[in-house]
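Take a look at the structure below.
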Amino acid sequence: MSFPGRSPAPHHVGMRTRPPRRQRRVASSARPVAPRRRPGPSHRPLSPSHASVHTPSRLLRHTSAPARPQSVWLGLLLVVVAVTAVLVLLRPLLVPHEAQAALGLAATAQATPSVTASPPAQAGLAPSGASDREGQEEPVASPQPSVPPVARTDEMGIAHSDTTGDGTWRVAVALPAPSTPRSSTHRYLLQVEGGTGIDADEIAPFVNAVLNDDRGWAGVDDVSFEQVQDPAQADFTLNVATPGTTDQLCAPLSTEGRWSCRQGATVNLNADRWSYLVPWFPDAETYRSYLVNHEVGHWLGRGHLRCPGEGLKAPTMMQQSGGLERCLANPWPTQDGQAG
C-alpha cells in the first residue's frame, strides 16, 4: 500500500526476517514447584511423648481449670444468713438498747386523769428490808406490791404483765408537809390506776421520802415536796398506770408499753417497771428511787445526760432504764458522775 507523496520503504534484499519469539514451554517432566510455607513448628508426625511437650499452654489452662460449681455460692449464702441470724439473736447482749424514747422532751400539756371511785383497798403487804449502803440515810422501805404474773419477757430481758387498767384511780391520802425548811415547796398528787396490783397509800411514804431526800432534787434545788389529795392544790400529778394507759398519757411520746415519761404537768410511771424493775439494777429500792427522781427531774426542767465514763455513777437524768452503758446504777442527782 502506498501513500501519496511518500516513497515506499526500501526493501533490503537478502535480509531474513526474525520470526516472533515463541513462549518457552516447560517440559512435562519438570518437577512442580512446591508452594512456599510459613515458618512454624515441624509438620513431621510426632510421637505421643513429643506431642505432649508441644501442646499449647492455653489449651492446658482451659482443660485443667474446673468450672466453679453453684454449690460454692449457695454455701456462701448460707454462711451469711447464719451469721446474720446469730447477730440478731445476740443483739441485746452486744448493743445496749437506747430505750426510753426522748422522754420529757415534749412540752405539750396533758390533762390530769379524772379521779373516780376507788377500788377496794388491798390487804397490807410486808415491806422489803432497807439496805445499808455506804452509811447513807435510806428512804422508807419500798413496799412489795401484789403484782400480776409475768406474761412475757422481751429481747432485753424486761418483764411485761400485758395487763389492762379497769378505768379507776385511787388517790393517796395526803401526807404531812416536810419538816425541813426549804426555799420553796412543790405540791403533788399521787394516784394509782386500778388493775396494777399497787396500793397508792402503801407506796406514798416511799415516794415522798425519795423526793425529800437530801441526795435528791431537794438537796440540789433546795426545795421540798408535799403530797396533797386535792387536785386543785397540786403543781403536778404523779400517776402509776398500766402499760397501755401509760402509753396514752405519754402520747405523742412513744413509750412502747415499757417506759415511763413526763408529759406536761403529769409524771407517768409504768406499773410494770415499778413492779418488775429492769435486770441491770441491783434492787427494787434503787430502781424505784431512780424512776421517781428521773421523771420528776423532767418536770423540773432537766434533760437527758449520758454516761460520763467507765465505772462512774450514771447521771440520774441518764436513761438508765434502757441500759447503763459503762456506768453504775445511780438514783441520786447529788452523786452523778461519782466514782463507784
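Scheme for the C-alpha cells: letters A, B, ... for chains in order shown; per-chain residue numbers from 1; ligand numbers from 1 in order shown.
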For this session: List every residue of region 183-278 of chain A that DSSP, applied to the backbone, labels as strand (DSSP E), and write the result as a ChimeraX atom specification.
Result: /A:184-193,223-228,236-241,261-263,266-270
Selection above as a file: N, CA, C and O atoms, as a compact mmCIF listing (two decimals), in the first residue's frame:
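What ended up in result-v7.txt:
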# COMPACT_ATOMS: atom_id res chain seq x y z
N SER A 184 -38.43 26.70 148.72
CA SER A 184 -39.75 26.62 148.09
C SER A 184 -40.29 25.20 148.21
O SER A 184 -39.55 24.27 148.56
N THR A 185 -41.60 25.06 147.94
CA THR A 185 -42.26 23.76 148.07
C THR A 185 -43.04 23.46 146.80
O THR A 185 -43.77 24.32 146.28
N HIS A 186 -42.88 22.23 146.29
CA HIS A 186 -43.68 21.74 145.17
C HIS A 186 -44.72 20.76 145.73
O HIS A 186 -44.37 19.85 146.48
N ARG A 187 -45.97 20.95 145.33
CA ARG A 187 -47.04 20.07 145.81
C ARG A 187 -47.47 19.14 144.67
O ARG A 187 -47.58 19.57 143.52
N TYR A 188 -47.72 17.90 145.01
CA TYR A 188 -48.08 16.90 144.00
C TYR A 188 -49.19 16.00 144.54
O TYR A 188 -49.39 15.88 145.76
N LEU A 189 -49.88 15.39 143.60
CA LEU A 189 -50.93 14.40 143.91
C LEU A 189 -50.48 13.06 143.37
O LEU A 189 -50.03 12.97 142.22
N LEU A 190 -50.59 12.02 144.20
CA LEU A 190 -50.20 10.67 143.80
C LEU A 190 -51.45 9.82 143.62
O LEU A 190 -52.30 9.75 144.52
N GLN A 191 -51.58 9.17 142.48
CA GLN A 191 -52.71 8.28 142.24
C GLN A 191 -52.26 7.06 141.44
O GLN A 191 -51.32 7.13 140.66
N VAL A 192 -52.96 5.94 141.67
CA VAL A 192 -52.61 4.66 141.06
C VAL A 192 -53.83 4.11 140.33
O VAL A 192 -54.95 4.13 140.88
N GLU A 193 -53.63 3.62 139.13
CA GLU A 193 -54.72 3.05 138.34
C GLU A 193 -55.11 1.67 138.87
O GLU A 193 -54.25 0.87 139.25
N VAL A 223 -35.40 22.53 147.58
CA VAL A 223 -36.86 22.55 147.53
C VAL A 223 -37.40 21.37 148.34
O VAL A 223 -36.67 20.42 148.63
N SER A 224 -38.67 21.44 148.67
CA SER A 224 -39.35 20.33 149.33
C SER A 224 -40.56 19.94 148.51
O SER A 224 -41.03 20.70 147.66
N PHE A 225 -41.04 18.72 148.74
CA PHE A 225 -42.20 18.19 148.02
C PHE A 225 -43.26 17.78 149.04
O PHE A 225 -42.96 17.02 149.97
N GLU A 226 -44.46 18.26 148.82
CA GLU A 226 -45.57 17.95 149.72
C GLU A 226 -46.66 17.21 148.95
O GLU A 226 -47.12 17.69 147.90
N GLN A 227 -47.09 16.07 149.49
CA GLN A 227 -48.15 15.29 148.84
C GLN A 227 -49.50 15.78 149.34
O GLN A 227 -49.78 15.80 150.54
N VAL A 228 -50.36 16.15 148.39
CA VAL A 228 -51.71 16.63 148.71
C VAL A 228 -52.73 15.68 148.10
O VAL A 228 -52.39 14.82 147.28
N PHE A 236 -48.24 19.26 140.20
CA PHE A 236 -48.17 18.20 139.20
C PHE A 236 -48.80 16.93 139.79
O PHE A 236 -48.96 16.82 141.01
N THR A 237 -49.15 16.00 138.91
CA THR A 237 -49.75 14.74 139.30
C THR A 237 -48.79 13.60 138.96
O THR A 237 -48.26 13.55 137.84
N LEU A 238 -48.59 12.71 139.91
CA LEU A 238 -47.75 11.55 139.70
C LEU A 238 -48.65 10.32 139.56
O LEU A 238 -49.30 9.92 140.53
N ASN A 239 -48.71 9.76 138.36
CA ASN A 239 -49.57 8.61 138.06
C ASN A 239 -48.74 7.33 138.01
O ASN A 239 -47.63 7.31 137.45
N VAL A 240 -49.27 6.26 138.57
CA VAL A 240 -48.73 4.91 138.38
C VAL A 240 -49.82 4.15 137.63
O VAL A 240 -50.90 3.89 138.17
N ALA A 241 -49.56 3.79 136.37
CA ALA A 241 -50.60 3.27 135.49
C ALA A 241 -50.13 2.01 134.78
O ALA A 241 -48.93 1.73 134.68
N CYS A 261 -42.70 8.37 131.53
CA CYS A 261 -42.46 9.68 130.91
C CYS A 261 -42.98 10.79 131.80
O CYS A 261 -43.69 10.57 132.78
N ARG A 262 -42.62 12.02 131.42
CA ARG A 262 -43.26 13.23 131.93
C ARG A 262 -43.95 13.91 130.75
O ARG A 262 -43.34 14.12 129.71
N GLN A 263 -45.19 14.22 130.92
CA GLN A 263 -45.93 14.89 129.86
C GLN A 263 -46.71 16.04 130.48
O GLN A 263 -47.66 15.84 131.23
N THR A 266 -47.98 16.12 134.24
CA THR A 266 -48.14 14.76 134.77
C THR A 266 -46.84 14.00 134.65
O THR A 266 -46.13 14.09 133.64
N VAL A 267 -46.53 13.26 135.70
CA VAL A 267 -45.41 12.32 135.70
C VAL A 267 -46.03 10.93 135.69
O VAL A 267 -46.78 10.56 136.60
N ASN A 268 -45.76 10.16 134.65
CA ASN A 268 -46.44 8.88 134.42
C ASN A 268 -45.44 7.74 134.55
O ASN A 268 -44.52 7.62 133.75
N LEU A 269 -45.65 6.91 135.58
CA LEU A 269 -44.78 5.77 135.82
C LEU A 269 -45.47 4.50 135.37
O LEU A 269 -46.63 4.24 135.76
N ASN A 270 -44.78 3.72 134.55
CA ASN A 270 -45.30 2.44 134.08
C ASN A 270 -45.31 1.46 135.25
O ASN A 270 -44.27 1.19 135.87
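Of the listed residues (A:Gly309, A:Pro178, A:Cys250, A:Thr255), A:Pro178 comes nearest to Leu211 (chain A); the distances count only C-alpha atoms.
Across the model, the gap from CA of Ala284 (chain A) to CA of Gly323 (chain A) is 15.9 Å.
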Please report as CSV every residue of region 160-217 of chain A lying within 9 Å of region 289-308 of chain A, along with the nearest atom pair and their distance in Å (one decimal), using only C-alpha atoms.
residue,atom,partner,partner_atom,distance
A:Phe206,CA,A:Ser289,CA,8.6
A:Val207,CA,A:Val292,CA,7.1
A:Val210,CA,A:Ser289,CA,6.1
A:Leu211,CA,A:Asn293,CA,7.0
A:Gly216,CA,A:Asn293,CA,7.1
A:Trp217,CA,A:Asn293,CA,7.4
Between region 152-217 of chain A and region 274-280 of chain A, at 10 Å or less, what are the per-residue closest atom pairs and their distances in Å? Count only C-alpha atoms, order by chain and rising residue number, and return it as a tab-separated table.
residue	atom	partner	partner_atom	distance
A:Met156	CA	A:Pro279	CA	8.6
A:Gly157	CA	A:Pro279	CA	6.8
A:Ile158	CA	A:Val278	CA	5.8
A:Ala159	CA	A:Tyr276	CA	6.2
A:His160	CA	A:Tyr276	CA	7.8
A:Ser161	CA	A:Tyr276	CA	9.0
A:Thr196	CA	A:Ser275	CA	8.9
A:Gly197	CA	A:Ser275	CA	8.9
A:Ile198	CA	A:Ser275	CA	8.2
File dump, residues just selected, N, CA and C atoms, as a short mmCIF file (atom, residue, chain, number, x, y, z; two decimals), in the first residue's frame:
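Dumped to selection_7.cif:
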data_model
loop_
_atom_site.label_atom_id
_atom_site.label_comp_id
_atom_site.auth_asym_id
_atom_site.auth_seq_id
_atom_site.Cartn_x
_atom_site.Cartn_y
_atom_site.Cartn_z
N MET A 156 -34.84 -7.63 125.69
CA MET A 156 -33.92 -7.00 126.62
C MET A 156 -33.92 -7.68 127.99
N GLY A 157 -34.77 -8.71 128.14
CA GLY A 157 -34.91 -9.36 129.44
C GLY A 157 -35.84 -8.64 130.38
N ILE A 158 -36.63 -7.71 129.87
CA ILE A 158 -37.55 -6.91 130.68
C ILE A 158 -38.91 -7.60 130.71
N ALA A 159 -39.48 -7.69 131.91
CA ALA A 159 -40.74 -8.41 132.10
C ALA A 159 -41.93 -7.51 131.80
N HIS A 160 -43.00 -8.14 131.28
CA HIS A 160 -44.24 -7.44 130.96
C HIS A 160 -45.42 -8.25 131.52
N SER A 161 -46.42 -7.51 132.01
CA SER A 161 -47.63 -8.18 132.51
C SER A 161 -48.74 -8.20 131.47
N THR A 196 -53.40 -2.51 138.54
CA THR A 196 -51.95 -2.62 138.59
C THR A 196 -51.47 -3.55 139.71
N GLY A 197 -52.32 -3.77 140.72
CA GLY A 197 -51.90 -4.53 141.89
C GLY A 197 -51.07 -3.70 142.86
N ILE A 198 -51.03 -2.39 142.68
CA ILE A 198 -50.25 -1.48 143.53
C ILE A 198 -51.21 -0.63 144.33
#
For this session: Find the residues around Gly244 (chain A) up to 9 Å (only C-alpha atoms counted), leave out those fewer than 2 positions away in its own chain, and share them as a ChimeraX atom specification.
Result: /A:162-165,241-242,246-249,256-257,270
Any chance you can output those residues with N, CA and C atoms as a PDB file, in the first residue's frame?
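Saved file selection.pdb follows:
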ATOM      1  N   ASP A 162     -48.705  -7.232 130.514  1.00  0.00           N
ATOM      2  CA  ASP A 162     -49.747  -7.098 129.491  1.00  0.00           C
ATOM      3  C   ASP A 162     -51.125  -6.922 130.121  1.00  0.00           C
ATOM      4  N   THR A 163     -51.180  -6.301 131.289  1.00  0.00           N
ATOM      5  CA  THR A 163     -52.464  -6.054 131.952  1.00  0.00           C
ATOM      6  C   THR A 163     -53.103  -4.784 131.403  1.00  0.00           C
ATOM      7  N   THR A 164     -54.416  -4.685 131.585  1.00  0.00           N
ATOM      8  CA  THR A 164     -55.190  -3.520 131.174  1.00  0.00           C
ATOM      9  C   THR A 164     -55.860  -2.921 132.395  1.00  0.00           C
ATOM     10  N   GLY A 165     -55.815  -1.610 132.521  1.00  0.00           N
ATOM     11  CA  GLY A 165     -56.425  -0.945 133.661  1.00  0.00           C
ATOM     12  C   GLY A 165     -57.941  -1.055 133.638  1.00  0.00           C
ATOM     13  N   ALA A 241     -49.556   3.791 136.375  1.00  0.00           N
ATOM     14  CA  ALA A 241     -50.598   3.266 135.490  1.00  0.00           C
ATOM     15  C   ALA A 241     -50.130   2.015 134.781  1.00  0.00           C
ATOM     16  N   THR A 242     -51.105   1.247 134.268  1.00  0.00           N
ATOM     17  CA  THR A 242     -50.801   0.060 133.480  1.00  0.00           C
ATOM     18  C   THR A 242     -50.098   0.474 132.185  1.00  0.00           C
ATOM     19  N   THR A 246     -50.339   4.125 130.376  1.00  0.00           N
ATOM     20  CA  THR A 246     -49.127   4.956 130.345  1.00  0.00           C
ATOM     21  C   THR A 246     -48.828   5.429 128.925  1.00  0.00           C
ATOM     22  N   ASP A 247     -48.990   4.550 127.947  1.00  0.00           N
ATOM     23  CA  ASP A 247     -48.771   4.948 126.549  1.00  0.00           C
ATOM     24  C   ASP A 247     -49.730   6.070 126.148  1.00  0.00           C
ATOM     25  N   GLN A 248     -50.983   5.987 126.605  1.00  0.00           N
ATOM     26  CA  GLN A 248     -51.962   7.023 126.267  1.00  0.00           C
ATOM     27  C   GLN A 248     -51.616   8.351 126.933  1.00  0.00           C
ATOM     28  N   LEU A 249     -51.194   8.288 128.195  1.00  0.00           N
ATOM     29  CA  LEU A 249     -50.868   9.517 128.912  1.00  0.00           C
ATOM     30  C   LEU A 249     -49.596  10.161 128.366  1.00  0.00           C
ATOM     31  N   GLU A 256     -43.925   2.568 124.196  1.00  0.00           N
ATOM     32  CA  GLU A 256     -43.878   1.162 123.768  1.00  0.00           C
ATOM     33  C   GLU A 256     -44.406   0.178 124.811  1.00  0.00           C
ATOM     34  N   GLY A 257     -45.292   0.628 125.690  1.00  0.00           N
ATOM     35  CA  GLY A 257     -45.805  -0.264 126.720  1.00  0.00           C
ATOM     36  C   GLY A 257     -44.749  -0.696 127.726  1.00  0.00           C
ATOM     37  N   ASN A 270     -44.777   3.723 134.553  1.00  0.00           N
ATOM     38  CA  ASN A 270     -45.295   2.443 134.079  1.00  0.00           C
ATOM     39  C   ASN A 270     -45.312   1.456 135.248  1.00  0.00           C
TER      40      ASN A 270
END
Exercise. Mind pulling up the distance from CA of Ala209 (chain A) to CA of Trp332 (chain A)?
Worked result: 12.5 Å
